[in-house]
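Asker: Sharing model04.cif (mmCIF, C-alpha atoms) below.
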data_work
#
loop_
_atom_site.label_atom_id
_atom_site.label_comp_id
_atom_site.auth_asym_id
_atom_site.auth_seq_id
_atom_site.Cartn_x
_atom_site.Cartn_y
_atom_site.Cartn_z
CA MET Q 13 0.00 0.00 0.00
CA TYR Q 14 1.28 3.45 -0.84
CA ALA Q 15 1.33 6.03 1.93
CA PHE Q 16 -1.62 8.37 2.36
CA THR Q 17 -2.99 10.86 4.85
CA TYR Q 18 -5.91 9.54 6.91
CA GLN Q 19 -8.76 11.80 7.97
CA ARG Q 20 -11.78 10.98 10.08
CA PRO Q 21 -14.22 13.89 9.89
CA THR Q 22 -17.19 13.96 12.27
CA THR Q 23 -19.57 16.00 10.10
CA LEU Q 24 -20.72 15.62 6.52
CA ALA Q 25 -19.64 19.20 5.82
CA ASP Q 26 -16.08 18.43 6.93
CA ALA Q 27 -16.04 15.27 4.81
CA ALA Q 28 -17.30 17.22 1.79
CA ALA Q 29 -14.50 19.75 2.29
CA ALA Q 30 -11.84 17.07 2.77
CA ILE Q 31 -12.78 15.11 -0.35
CA GLN Q 32 -12.05 18.16 -2.49
CA ALA Q 33 -8.31 17.47 -2.00
CA GLU Q 34 -6.70 16.21 -5.17
CA ASP Q 35 -6.80 12.40 -5.39
CA ALA Q 36 -8.64 11.97 -2.10
CA LYS Q 37 -10.82 8.88 -1.68
CA LEU Q 38 -13.77 8.18 0.59
CA LEU Q 39 -13.44 5.17 2.88
CA GLY Q 40 -16.53 3.19 3.87
CA GLY Q 41 -15.89 -0.22 5.41
CA GLY Q 42 -12.88 -0.65 3.15
CA GLN Q 43 -13.67 -4.18 2.02
CA THR Q 44 -13.05 -3.29 -1.61
CA LEU Q 45 -10.89 -0.19 -1.25
CA LEU Q 46 -8.29 -1.67 1.10
CA PRO Q 47 -7.59 -4.73 -1.11
CA THR Q 48 -7.35 -2.31 -4.05
CA LEU Q 49 -4.80 -0.20 -2.18
CA LYS Q 50 -2.87 -3.27 -1.05
CA GLN Q 51 -2.45 -4.26 -4.68
CA ARG Q 52 -1.37 -0.71 -5.50
CA PHE Q 53 -4.16 -0.36 -8.05
CA ALA Q 54 -4.91 3.06 -6.59
CA ARG Q 55 -2.77 5.74 -5.02
CA PRO Q 56 -4.95 8.25 -3.17
CA THR Q 57 -3.25 11.11 -1.36
CA ASP Q 58 -5.92 11.16 1.35
CA LEU Q 59 -8.37 8.65 2.75
CA ILE Q 60 -11.48 10.25 4.20
CA ASP Q 61 -13.03 7.76 6.63
CA LEU Q 62 -16.81 8.27 6.80
CA GLY Q 63 -17.19 6.08 9.89
CA ALA Q 64 -17.49 8.86 12.49
CA ILE Q 65 -20.30 10.86 10.87
CA PRO Q 66 -23.62 10.33 12.71
CA GLU Q 67 -25.66 11.72 9.76
CA LEU Q 68 -24.62 8.72 7.66
CA LYS Q 69 -25.83 6.08 10.08
CA GLY Q 70 -29.08 4.49 11.06
CA ILE Q 71 -32.12 2.74 9.66
CA ARG Q 72 -35.58 4.30 9.91
CA GLU Q 73 -39.04 3.97 8.43
CA ALA Q 74 -39.80 6.63 5.85
CA ASP Q 75 -42.86 7.03 3.61
CA GLY Q 76 -43.90 3.47 4.37
CA GLY Q 77 -40.50 2.18 3.22
CA LEU Q 78 -37.02 2.40 4.70
CA GLU Q 79 -34.29 5.00 4.76
CA ILE Q 80 -30.87 3.50 5.38
CA GLY Q 81 -27.81 5.62 6.10
CA ALA Q 82 -24.87 5.16 3.75
CA PHE Q 83 -22.55 4.06 6.55
CA THR Q 84 -24.80 1.19 7.60
CA ARG Q 85 -22.93 -2.08 7.57
CA HIS Q 86 -24.32 -5.11 5.74
CA ALA Q 87 -24.63 -7.03 9.02
CA GLU Q 88 -26.71 -4.20 10.51
CA VAL Q 89 -29.15 -4.38 7.59
CA ALA Q 90 -29.24 -8.18 7.78
CA HIS Q 91 -29.96 -8.25 11.53
CA SER Q 92 -32.24 -5.22 11.79
CA ASP Q 93 -35.69 -6.11 13.12
CA LEU Q 94 -37.05 -3.07 11.29
CA VAL Q 95 -35.66 -4.20 7.93
CA LYS Q 96 -36.84 -7.76 8.54
CA ARG Q 97 -40.34 -6.46 9.21
CA VAL Q 98 -40.66 -3.83 6.45
CA ILE Q 99 -38.57 -5.30 3.60
CA PRO Q 100 -37.44 -8.81 4.62
CA SER Q 101 -36.03 -9.47 1.15
CA LEU Q 102 -33.49 -6.68 1.73
CA ALA Q 103 -32.35 -8.19 5.03
CA SER Q 104 -31.99 -11.54 3.35
CA LEU Q 105 -29.96 -10.05 0.49
CA ALA Q 106 -27.63 -8.36 3.00
CA GLU Q 107 -27.14 -11.65 4.87
CA GLY Q 108 -25.84 -13.20 1.64
CA ILE Q 109 -23.16 -10.60 0.87
CA GLY Q 110 -19.57 -11.85 1.07
CA ASP Q 111 -18.90 -13.59 4.35
CA ARG Q 112 -19.63 -12.76 7.97
CA GLN Q 113 -16.50 -10.63 8.44
CA VAL Q 114 -17.05 -8.68 5.22
CA ARG Q 115 -20.65 -8.02 6.31
CA ASN Q 116 -19.38 -6.72 9.65
CA MET Q 117 -17.32 -4.04 7.89
CA GLY Q 118 -18.79 -3.34 4.43
CA THR Q 119 -21.32 -0.53 4.06
CA MET Q 120 -24.31 0.06 1.80
CA GLY Q 121 -22.99 3.42 0.57
CA GLY Q 122 -19.61 1.91 -0.22
CA SER Q 123 -21.17 -0.94 -2.16
CA ILE Q 124 -23.39 1.19 -4.37
CA ALA Q 125 -20.81 3.93 -4.92
CA ASN Q 126 -18.29 1.29 -6.03
CA ALA Q 127 -20.89 -0.22 -8.40
CA ASP Q 128 -19.17 -3.55 -8.83
CA PRO Q 129 -21.02 -5.35 -11.65
CA SER Q 130 -21.50 -8.40 -9.42
CA ALA Q 131 -22.43 -6.61 -6.19
CA ASP Q 132 -25.79 -7.51 -4.65
CA TYR Q 133 -27.16 -4.14 -3.48
CA PRO Q 134 -27.52 -2.53 -6.93
CA SER Q 135 -30.29 -5.02 -7.75
CA ALA Q 136 -32.22 -3.94 -4.64
CA VAL Q 137 -31.71 -0.25 -5.37
CA VAL Q 138 -33.23 -0.67 -8.83
CA ALA Q 139 -35.94 -3.25 -8.04
CA LEU Q 140 -37.15 -1.49 -4.89
CA LYS Q 141 -37.53 1.87 -6.67
CA ALA Q 142 -34.95 3.40 -4.36
CA THR Q 143 -33.73 6.95 -4.37
CA VAL Q 144 -30.18 7.79 -3.40
CA THR Q 145 -29.70 11.00 -1.42
CA THR Q 146 -26.29 12.61 -1.61
CA ASP Q 147 -24.85 15.74 -0.03
CA ARG Q 148 -25.96 17.57 -3.19
CA ARG Q 149 -29.17 16.04 -4.55
CA THR Q 150 -31.43 13.03 -4.95
CA ILE Q 151 -30.82 10.44 -7.68
CA THR Q 152 -33.35 7.75 -8.60
CA GLY Q 153 -32.17 4.16 -8.46
CA ASP Q 154 -32.88 3.82 -12.19
CA ASP Q 155 -30.44 6.65 -12.95
CA PHE Q 156 -27.80 5.85 -10.36
CA PHE Q 157 -25.86 3.01 -12.00
CA THR Q 158 -24.41 4.07 -15.33
CA GLY Q 159 -21.87 1.35 -16.16
CA MET Q 160 -19.21 -1.00 -14.88
CA PHE Q 161 -17.89 0.62 -11.67
CA GLU Q 162 -19.62 3.82 -12.83
CA THR Q 163 -22.40 5.78 -11.21
CA ALA Q 164 -24.13 9.13 -11.61
CA LEU Q 165 -22.10 10.46 -8.67
CA GLU Q 166 -19.95 13.47 -9.47
CA PRO Q 167 -16.37 13.67 -8.21
CA GLY Q 168 -16.44 14.27 -4.46
CA GLU Q 169 -20.20 13.69 -4.14
CA ILE Q 170 -21.05 11.73 -0.97
CA VAL Q 171 -23.94 9.26 -0.65
CA LYS Q 172 -25.92 10.10 2.50
CA SER Q 173 -28.70 7.54 2.48
CA VAL Q 174 -30.79 5.23 0.35
CA ARG Q 175 -34.57 5.23 0.53
CA PHE Q 176 -36.28 1.97 -0.45
CA SER Q 177 -39.97 1.56 -1.26
CA ARG Q 178 -41.83 -1.23 0.47
CA PRO Q 179 -42.97 -3.85 -2.04
CA ASP Q 180 -46.03 -6.06 -1.67
CA LYS Q 181 -43.85 -9.07 -2.41
CA ALA Q 182 -40.17 -9.38 -3.17
CA ALA Q 183 -37.23 -11.76 -3.13
CA TYR Q 184 -33.63 -11.90 -4.28
CA ALA Q 185 -32.10 -15.07 -5.70
CA LYS Q 186 -28.46 -15.36 -6.58
CA PHE Q 187 -26.15 -17.88 -8.13
CA ARG Q 188 -22.98 -17.06 -6.34
CA ASN Q 189 -19.33 -17.52 -6.97
CA PRO Q 190 -18.42 -20.20 -4.43
CA ALA Q 191 -15.17 -18.47 -3.47
CA SER Q 192 -15.97 -14.77 -3.37
CA ARG Q 193 -19.77 -15.04 -2.79
CA TYR Q 194 -20.23 -12.34 -5.39
CA ALA Q 195 -23.21 -12.82 -7.69
CA ILE Q 196 -22.43 -14.64 -10.93
CA VAL Q 197 -26.06 -13.74 -11.53
CA GLY Q 198 -28.45 -12.23 -8.99
CA VAL Q 199 -32.06 -11.33 -9.67
CA PHE Q 200 -34.25 -9.15 -7.45
CA VAL Q 201 -37.97 -9.39 -8.17
CA ALA Q 202 -40.35 -6.92 -6.52
CA ARG Q 203 -44.08 -6.47 -6.95
CA PHE Q 204 -45.81 -3.16 -6.22
CA GLY Q 205 -49.53 -3.58 -6.92
CA ALA Q 206 -49.83 -4.09 -10.66
CA GLU Q 207 -46.20 -3.17 -11.29
CA VAL Q 208 -43.38 -5.72 -11.20
CA ARG Q 209 -39.67 -4.92 -11.25
CA VAL Q 210 -36.96 -7.41 -12.17
CA ALA Q 211 -33.41 -6.16 -11.62
CA VAL Q 212 -30.44 -8.28 -12.67
CA THR Q 213 -26.92 -7.96 -11.26
CA GLY Q 214 -23.76 -9.91 -12.04
CA ALA Q 215 -24.78 -10.70 -15.58
CA ALA Q 216 -23.71 -7.52 -17.37
CA GLY Q 217 -21.43 -4.53 -16.84
CA SER Q 218 -24.05 -2.94 -14.66
CA VAL Q 219 -27.40 -3.80 -13.10
CA PHE Q 220 -30.28 -3.82 -15.61
CA ARG Q 221 -34.03 -4.42 -15.69
CA ALA Q 222 -35.40 -7.43 -17.56
CA GLU Q 223 -38.43 -5.68 -19.04
CA ALA Q 224 -39.95 -8.68 -20.83
CA PHE Q 225 -39.86 -10.53 -17.50
CA GLU Q 226 -41.55 -7.60 -15.78
CA THR Q 227 -44.39 -7.53 -18.32
CA ALA Q 228 -44.94 -11.28 -18.06
CA LEU Q 229 -44.95 -11.21 -14.26
CA ALA Q 230 -47.24 -8.18 -14.11
CA ALA Q 231 -49.81 -10.25 -16.04
CA ASP Q 232 -49.20 -13.46 -14.08
CA PHE Q 233 -46.98 -13.42 -10.97
CA ARG Q 234 -45.89 -17.04 -11.12
CA ALA Q 235 -42.56 -18.62 -12.07
CA GLU Q 236 -44.30 -20.40 -14.97
CA ALA Q 237 -45.02 -17.01 -16.52
CA LEU Q 238 -41.30 -16.82 -17.34
CA ASN Q 239 -41.27 -20.08 -19.32
CA GLY Q 240 -39.68 -19.48 -22.71
CA LEU Q 241 -38.36 -16.04 -21.77
CA SER Q 242 -34.66 -15.24 -21.64
CA VAL Q 243 -32.36 -12.26 -21.89
CA GLU Q 244 -30.06 -11.80 -24.87
CA ALA Q 245 -26.62 -13.32 -24.17
CA ASP Q 246 -24.86 -10.80 -26.42
CA GLY Q 247 -23.00 -8.30 -24.31
CA LEU Q 248 -23.28 -10.21 -21.03
CA ASN Q 249 -20.19 -10.85 -18.91
CA ALA Q 250 -18.10 -13.91 -19.70
CA ASP Q 251 -15.23 -15.15 -17.53
CA ILE Q 252 -13.76 -18.35 -16.12
CA HIS Q 253 -16.80 -18.75 -13.88
CA ALA Q 254 -19.57 -18.53 -16.47
CA SER Q 255 -19.97 -17.87 -20.18
CA ALA Q 256 -22.38 -15.23 -21.46
CA ASP Q 257 -24.80 -17.95 -22.62
CA TYR Q 258 -24.73 -19.56 -19.19
CA ARG Q 259 -25.32 -16.22 -17.49
CA ALA Q 260 -28.30 -15.59 -19.78
CA HIS Q 261 -29.66 -19.01 -18.79
CA LEU Q 262 -29.11 -18.24 -15.10
CA VAL Q 263 -31.06 -14.98 -15.32
CA THR Q 264 -34.26 -16.90 -16.10
CA VAL Q 265 -33.53 -19.56 -13.48
CA MET Q 266 -32.78 -17.02 -10.75
CA ALA Q 267 -35.79 -14.90 -11.70
CA LYS Q 268 -38.03 -17.95 -11.34
CA ARG Q 269 -36.51 -18.80 -7.98
CA ALA Q 270 -37.03 -15.23 -6.80
CA VAL Q 271 -40.69 -15.28 -7.87
CA GLU Q 272 -41.21 -18.56 -6.03
CA ALA Q 273 -39.47 -17.22 -2.93
CA ALA Q 274 -41.55 -14.03 -3.05
CA GLY Q 275 -44.65 -16.25 -2.92
CA MET Y 8 3.08 10.18 7.50
CA SER Y 9 2.32 8.74 10.87
CA CYS Y 10 -0.30 9.08 13.55
CA THR Y 11 -1.03 7.87 17.07
CA VAL Y 12 -3.34 4.91 17.34
CA SER Y 13 -4.83 3.95 20.70
CA MET Y 14 -7.11 1.06 21.49
CA THR Y 15 -7.84 -1.52 24.13
CA VAL Y 16 -6.36 -4.88 23.14
CA ASN Y 17 -7.31 -7.88 25.26
CA GLY Y 18 -8.23 -5.54 28.09
CA LYS Y 19 -5.06 -3.45 28.03
CA THR Y 20 -4.89 0.09 26.72
CA VAL Y 21 -2.19 0.43 24.07
CA SER Y 22 -0.97 3.41 22.10
CA ARG Y 23 1.57 3.44 19.30
CA GLU Y 24 2.86 5.83 16.69
CA VAL Y 25 2.29 4.11 13.34
CA GLU Y 26 2.17 4.90 9.66
CA GLU Y 27 -1.41 5.59 8.62
CA ARG Y 28 -1.33 2.74 6.11
CA THR Y 29 -0.56 0.17 8.85
CA LEU Y 30 -3.02 -2.70 8.77
CA LEU Y 31 -4.61 -3.82 12.01
CA VAL Y 32 -2.98 -7.24 11.66
CA ALA Y 33 0.46 -5.62 11.33
CA PHE Y 34 -0.27 -3.41 14.32
CA LEU Y 35 -1.14 -6.47 16.41
CA ARG Y 36 1.68 -8.69 15.23
CA GLU Y 37 4.55 -6.30 14.62
CA HIS Y 38 3.88 -3.43 16.99
CA LEU Y 39 2.33 -5.36 19.90
CA GLY Y 40 4.01 -8.74 19.34
CA LEU Y 41 0.65 -10.57 19.37
CA THR Y 42 1.51 -13.16 16.75
CA GLY Y 43 -1.44 -15.45 17.47
CA THR Y 44 -3.36 -13.59 14.78
CA HIS Y 45 -2.09 -15.00 11.49
CA VAL Y 46 -1.67 -13.67 7.98
CA GLY Y 47 -2.71 -16.32 5.50
CA CYS Y 48 -3.88 -15.09 2.11
CA ASP Y 49 -3.56 -11.36 2.85
CA THR Y 50 -6.48 -10.86 0.42
CA SER Y 51 -9.42 -11.02 2.88
CA GLN Y 52 -10.46 -14.51 1.88
CA CYS Y 53 -8.93 -17.04 4.28
CA GLY Y 54 -9.89 -15.65 7.68
CA ALA Y 55 -6.64 -16.59 9.50
CA CYS Y 56 -6.47 -12.95 10.64
CA VAL Y 57 -9.93 -12.70 12.21
CA VAL Y 58 -10.11 -10.68 15.43
CA HIS Y 59 -12.97 -8.96 17.23
CA VAL Y 60 -13.36 -5.18 17.04
CA ASP Y 61 -15.99 -3.97 19.53
CA GLY Y 62 -17.31 -7.52 19.61
CA ARG Y 63 -17.68 -8.01 15.85
CA SER Y 64 -15.43 -10.39 13.94
CA VAL Y 65 -13.44 -8.68 11.20
CA LYS Y 66 -10.53 -9.53 8.96
CA SER Y 67 -7.62 -7.61 10.42
CA CYS Y 68 -5.71 -7.83 7.13
CA THR Y 69 -8.47 -5.73 5.55
CA THR Y 70 -8.81 -3.17 8.32
CA LEU Y 71 -6.52 -0.24 8.97
CA ALA Y 72 -5.18 0.13 12.48
CA VAL Y 73 -6.52 3.71 12.45
CA GLN Y 74 -10.01 2.41 11.67
CA ALA Y 75 -9.83 0.56 15.00
CA ASN Y 76 -8.69 3.67 16.86
CA GLY Y 77 -10.61 3.94 20.13
CA THR Y 78 -12.13 0.46 19.88
CA GLU Y 79 -11.85 -2.66 21.98
CA VAL Y 80 -10.00 -5.41 20.17
CA THR Y 81 -9.87 -9.04 21.21
CA THR Y 82 -7.38 -11.44 19.66
CA ILE Y 83 -6.93 -15.17 20.20
CA GLU Y 84 -4.50 -14.32 23.03
CA GLY Y 85 -7.35 -12.60 24.87
CA LEU Y 86 -9.80 -15.49 24.89
CA ALA Y 87 -8.38 -17.75 27.61
CA ALA Y 88 -8.80 -16.82 31.27
CA ALA Y 89 -5.90 -15.18 33.11
CA ASP Y 90 -5.02 -18.50 34.79
CA GLY Y 91 -4.69 -20.16 31.39
CA THR Y 92 -8.04 -21.94 31.41
CA LEU Y 93 -9.05 -22.22 27.78
CA HIS Y 94 -12.17 -20.48 26.49
CA PRO Y 95 -14.90 -23.12 25.96
CA MET Y 96 -14.53 -22.74 22.19
CA GLN Y 97 -10.77 -23.31 22.38
CA ALA Y 98 -11.32 -26.33 24.62
CA ALA Y 99 -13.86 -27.71 22.15
CA PHE Y 100 -11.42 -27.36 19.24
CA ARG Y 101 -8.86 -29.36 21.22
CA GLU Y 102 -11.34 -31.96 22.40
CA HIS Y 103 -12.82 -32.54 18.94
CA HIS Y 104 -9.57 -32.37 16.99
CA GLY Y 105 -10.80 -29.28 15.15
CA LEU Y 106 -7.31 -28.59 13.84
CA GLN Y 107 -4.33 -30.26 12.27
CA CYS Y 108 -1.56 -27.81 11.39
CA GLY Y 109 -3.26 -25.09 13.43
CA PHE Y 110 -2.60 -22.18 11.09
CA CYS Y 111 -6.25 -21.31 10.51
CA THR Y 112 -7.27 -22.08 14.10
CA PRO Y 113 -7.02 -18.61 15.69
CA GLY Y 114 -9.28 -17.18 12.99
CA MET Y 115 -11.64 -20.16 13.14
CA VAL Y 116 -12.02 -19.82 16.90
CA MET Y 117 -12.57 -16.05 16.74
CA SER Y 118 -15.17 -16.44 13.99
CA ALA Y 119 -16.88 -19.26 15.87
CA VAL Y 120 -17.13 -17.22 19.09
CA ASP Y 121 -18.69 -14.33 17.16
CA LEU Y 122 -21.09 -16.70 15.38
CA VAL Y 123 -22.26 -18.23 18.67
CA ARG Y 124 -22.83 -14.81 20.22
CA ASP Y 125 -25.40 -14.11 17.48
CA ASN Y 126 -26.76 -17.62 17.35
CA PRO Y 127 -26.24 -19.52 20.64
CA ASN Y 128 -27.46 -22.84 19.26
CA PRO Y 129 -26.44 -23.04 15.60
CA THR Y 130 -27.30 -25.99 13.38
CA GLU Y 131 -24.61 -27.72 11.37
CA ALA Y 132 -25.71 -25.78 8.27
CA GLU Y 133 -25.59 -22.47 10.17
CA ILE Y 134 -22.09 -23.28 11.43
CA ARG Y 135 -20.86 -24.04 7.91
CA GLU Y 136 -22.51 -20.85 6.66
CA GLY Y 137 -21.06 -18.86 9.56
CA LEU Y 138 -17.53 -20.06 8.81
CA GLU Y 139 -17.66 -19.16 5.12
CA GLY Y 140 -15.01 -16.51 5.68
CA ASN Y 141 -12.51 -19.01 7.07
CA ILE Y 142 -10.54 -21.50 5.06
CA CYS Y 143 -8.90 -24.66 6.45
CA ARG Y 144 -6.73 -26.78 4.16
CA CYS Y 145 -6.21 -29.71 6.55
CA THR Y 146 -9.33 -30.91 8.26
CA GLY Y 147 -12.04 -30.98 5.62
CA TYR Y 148 -14.03 -28.93 8.18
CA HIS Y 149 -15.79 -31.96 9.64
CA ASN Y 150 -14.25 -31.77 13.10
CA ILE Y 151 -14.27 -27.98 13.07
CA VAL Y 152 -18.05 -28.07 12.71
CA LYS Y 153 -18.28 -30.60 15.56
CA ALA Y 154 -16.00 -28.44 17.69
CA VAL Y 155 -18.10 -25.31 17.09
CA LYS Y 156 -21.28 -27.20 17.94
CA ALA Y 157 -19.72 -28.44 21.19
CA GLY Y 158 -18.18 -25.04 21.91
CA ALA Y 159 -21.58 -23.40 21.45
CA GLU Y 160 -23.14 -25.82 23.93
CA ALA Y 161 -20.33 -25.22 26.42
CA MET Y 162 -20.68 -21.44 26.02
CA SER Y 163 -24.38 -21.67 26.85
CA GLY Y 164 -23.57 -23.74 29.93
CA ALA Y 165 -24.82 -27.11 28.70
CA GLN Y 166 -22.85 -30.22 29.62
CA PRO Y 167 -20.84 -31.32 26.60
CA ALA Y 168 -21.74 -34.74 25.27
CA PRO Y 169 -19.06 -37.39 25.87
CA VAL Y 170 -16.81 -37.80 22.87
CA ALA Y 171 -15.52 -41.03 21.42
CA ALA Y 172 -12.40 -40.99 19.28
CA GLU Y 173 -13.15 -39.06 16.11
#
Kindly present the structure from the file in structure tokens form.

Answerer:
Amino acid sequence: MYAFTYQRPTTLADAAAAIQAEDAKLLGGGQTLLPTLKQRFARPTDLIDLGAIPELKGIREADGGLEIGAFTRHAEVAHSDLVKRVIPSLASLAEGIGDRQVRNMGTMGGSIANADPSADYPSAVVALKATVTTDRRTITGDDFFTGMFETALEPGEIVKSVRFSRPDKAAYAKFRNPASRYAIVGVFVARFGAEVRVAVTGAAGSVFRAEAFETALAADFRAEALNGLSVEADGLNADIHASADYRAHLVTVMAKRAVEAAG
Amino acid sequence: MSCTVSMTVNGKTVSREVEERTLLVAFLREHLGLTGTHVGCDTSQCGACVVHVDGRSVKSCTTLAVQANGTEVTTIEGLAAADGTLHPMQAAFREHHGLQCGFCTPGMVMSAVDLVRDNPNPTEAEIREGLEGNICRCTGYHNIVKAVKAGAEAMSGAQPAPVAAE
């Protein structure tokens, strides 16, 4: 790891000022950033630790759904009685991220700001019609993820919280990499009245909605409604773990499992 | 660039001047001489470096010492009683042969203790799930799972079942 200056601001305003330094980086739980630094893939001059800012913490009910502070660790989401009651599918997704120790450190804000193509949370942000509040504005979940490791965040913009809508039914199903626990394919299905959202992570450069699946499930919310449907394999990720064709196949399988789990 | 890092490690307050990029595992091993916490993969996968920070198990190779500033850290050296009596989870690992070479054991034990705090009576499946962040290359996990089950029972005060040779 290259040397850097470490800062631990206690207010969002101080963090926003500190991140303006050239080549400064925000530090959440560090479960992606620290391995990146250890491999010398990045060389920030300053690390701004967001862990001491009360405004970024906490889980509360808001507009019938949930507002979750950016510096909320995965384990806190997974074990929260409030999350389990209001959006149990979100608690269950969080419980499947990485391993126990990663969940004890990693944060929701860090995960979505990093926008790893195989991260779990992006699927929930899109499927649960979330809005992301930053220190500057509000961004809808649909607009937040713009590409592989790319988001709508501007340089130095800090995620404050994520607001999730409460679905009538929802579930997340993932086919995970057995070593890293990242999603080879993960599908989050959520039903809001007559509307159904199907968000797919792991399969492509960034999370996407499977619109044909959504239409079919809106008409008939059963796994059988997806028979014969698949996403186009062209352009999907392909690596040693799964070919693009296999990922396309998994999208349908995981979507069906999610529908069945949603009940 | 250096800074002062202070924390409570195994009940003792410690303070050291370290480079800001110092990892928690390096702080424990190199600055405090607590070499029970191991470095295995150094890529946050194997779990040999697991310690508790404010009661939560974390991978100390993927945590900066400064992130643990002001916290209470427990390492494998801090589990046994002052008179040397092993923690029930340590005793269970010995009793059930939950180790061969022993390299992964400190991390396994620390993860297991954290798991049992959340779930005092875990099933075999929950134990295997709870130890996903720890890799053992000797045992095939079988006796580790038995040890954690027995350790959990001992931690909750139940009488451990008698053990035949395993």

Asker: For chain Y, list the residues within 7 Å of chain Q, counting only C-alpha atoms, and write the list as number ranges by chain.

Answerer: Y: 8, 27-28, 50, 63-66, 69, 137, 139-140

Asker: Can you list, as an NGL selection string, the residues that the PyMOL selection byres ((chain Y and resi 157) around 12) selects here?

Answerer: :Y and (95-105 or 119-120 or 123 or 127-131 or 134 or 150-156 or 158-170)

Asker: How many Å separate CA of Val138 (chain Q) from CA of Ile124 (chain Q)?

Answerer: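 If I compute the distance from CA of Val138 (chain Q) to CA of Ile124 (chain Q), I get 11.0 Å.
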
Asker: Please evaluate the PyMOL selection byres ((chain Q and resi 158) around 12) against the structure above and give the resulting residues as a short mmCIF file (atom, residue, chain, number, x, y, z; two decimals) with C-alpha atoms, in the frame of the given file.

Answerer:
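Contents of result_35.cif, as written:
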data_model
loop_
_atom_site.label_atom_id
_atom_site.label_comp_id
_atom_site.auth_asym_id
_atom_site.auth_seq_id
_atom_site.Cartn_x
_atom_site.Cartn_y
_atom_site.Cartn_z
CA ILE Q 124 -23.39 1.19 -4.37
CA ALA Q 125 -20.81 3.93 -4.92
CA ASN Q 126 -18.29 1.29 -6.03
CA ALA Q 127 -20.89 -0.22 -8.40
CA ASP Q 128 -19.17 -3.55 -8.83
CA PRO Q 129 -21.02 -5.35 -11.65
CA PRO Q 134 -27.52 -2.53 -6.93
CA VAL Q 138 -33.23 -0.67 -8.83
CA ILE Q 151 -30.82 10.44 -7.68
CA THR Q 152 -33.35 7.75 -8.60
CA GLY Q 153 -32.17 4.16 -8.46
CA ASP Q 154 -32.88 3.82 -12.19
CA ASP Q 155 -30.44 6.65 -12.95
CA PHE Q 156 -27.80 5.85 -10.36
CA PHE Q 157 -25.86 3.01 -12.00
CA GLY Q 159 -21.87 1.35 -16.16
CA MET Q 160 -19.21 -1.00 -14.88
CA PHE Q 161 -17.89 0.62 -11.67
CA GLU Q 162 -19.62 3.82 -12.83
CA THR Q 163 -22.40 5.78 -11.21
CA ALA Q 164 -24.13 9.13 -11.61
CA LEU Q 165 -22.10 10.46 -8.67
CA GLU Q 166 -19.95 13.47 -9.47
CA ALA Q 216 -23.71 -7.52 -17.37
CA GLY Q 217 -21.43 -4.53 -16.84
CA SER Q 218 -24.05 -2.94 -14.66
CA VAL Q 219 -27.40 -3.80 -13.10
CA PHE Q 220 -30.28 -3.82 -15.61
#

Asker: Quick one: distance from CA of Phe233 (chain Q) to CA of Leu248 (chain Q) in Å, one decimal?

Answerer: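 Taking CA of Phe233 (chain Q) as the start and CA of Leu248 (chain Q) as the end point, the length is 25.9 Å.
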
Asker: For region 142-155 of chain Q, take all atoms listed in the file, fit an axis-aligned box around them, add 3 Å to each of the six sides, then output centre and edge lengths in Å rounded to one decimal, as lines of an AutoDock Vina configuration file.

Answerer:
center_x = -29.9
center_y = 10.5
center_z = -6.5
size_x = 16.1
size_y = 20.2
size_z = 18.9

Asker: So what do you get for CA of Gly81 (chain Q) versus CA of Leu68 (chain Q), distance-wise?

Answerer: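 Spanning CA of Gly81 (chain Q) to CA of Leu68 (chain Q) is a straight-line distance of 4.7 Å.
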
Asker: Using only C-alpha atoms, which protein or nucleic acid residues come within 12 Å of Ala25 (chain Q)? Drop anything in the same chain fewer than 6 positions from it, and give the result as a PDB file with C-alpha atoms, in the frame of the given file.

Answerer:
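Output file selection.pdb is given in full below:
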ATOM      1  CA  ILE Q  31     -12.780  15.110  -0.350  1.00  0.00           C
ATOM      2  CA  GLN Q  32     -12.050  18.160  -2.490  1.00  0.00           C
ATOM      3  CA  LEU Q  62     -16.810   8.270   6.800  1.00  0.00           C
ATOM      4  CA  ILE Q  65     -20.300  10.860  10.870  1.00  0.00           C
ATOM      5  CA  PRO Q  66     -23.620  10.330  12.710  1.00  0.00           C
ATOM      6  CA  GLU Q  67     -25.660  11.720   9.760  1.00  0.00           C
ATOM      7  CA  LEU Q  68     -24.620   8.720   7.660  1.00  0.00           C
ATOM      8  CA  THR Q 146     -26.290  12.610  -1.610  1.00  0.00           C
ATOM      9  CA  ASP Q 147     -24.850  15.740  -0.030  1.00  0.00           C
ATOM     10  CA  ARG Q 148     -25.960  17.570  -3.190  1.00  0.00           C
ATOM     11  CA  GLY Q 168     -16.440  14.270  -4.460  1.00  0.00           C
ATOM     12  CA  GLU Q 169     -20.200  13.690  -4.140  1.00  0.00           C
ATOM     13  CA  ILE Q 170     -21.050  11.730  -0.970  1.00  0.00           C
ATOM     14  CA  LYS Q 172     -25.920  10.100   2.500  1.00  0.00           C
TER      15      LYS Q 172
END

Asker: I would like the residues chosen by the PyMOL selection byres ((chain Y and resi 11) around 7) on the shown file; could you give them as an MDAnalysis selection string?

Answerer: chainID Y and resid 10 12:13 22:25

Asker: Taking (-45.1, -4.0, -13.7) in the file's coordinates, which residues come within 12 Å, counting all atoms listed in the file, written as a list in words?

Answerer: Ala139, Lys141, Pro179, Val201, Ala202, Arg203, Phe204, Gly205, Ala206, Glu207, Val208, Arg209, Val210, Arg221, Ala222, Glu223, Ala224, Phe225, Glu226, Thr227, Ala228, Leu229, Ala230, Ala231, Asp232 and Phe233 of chain Q
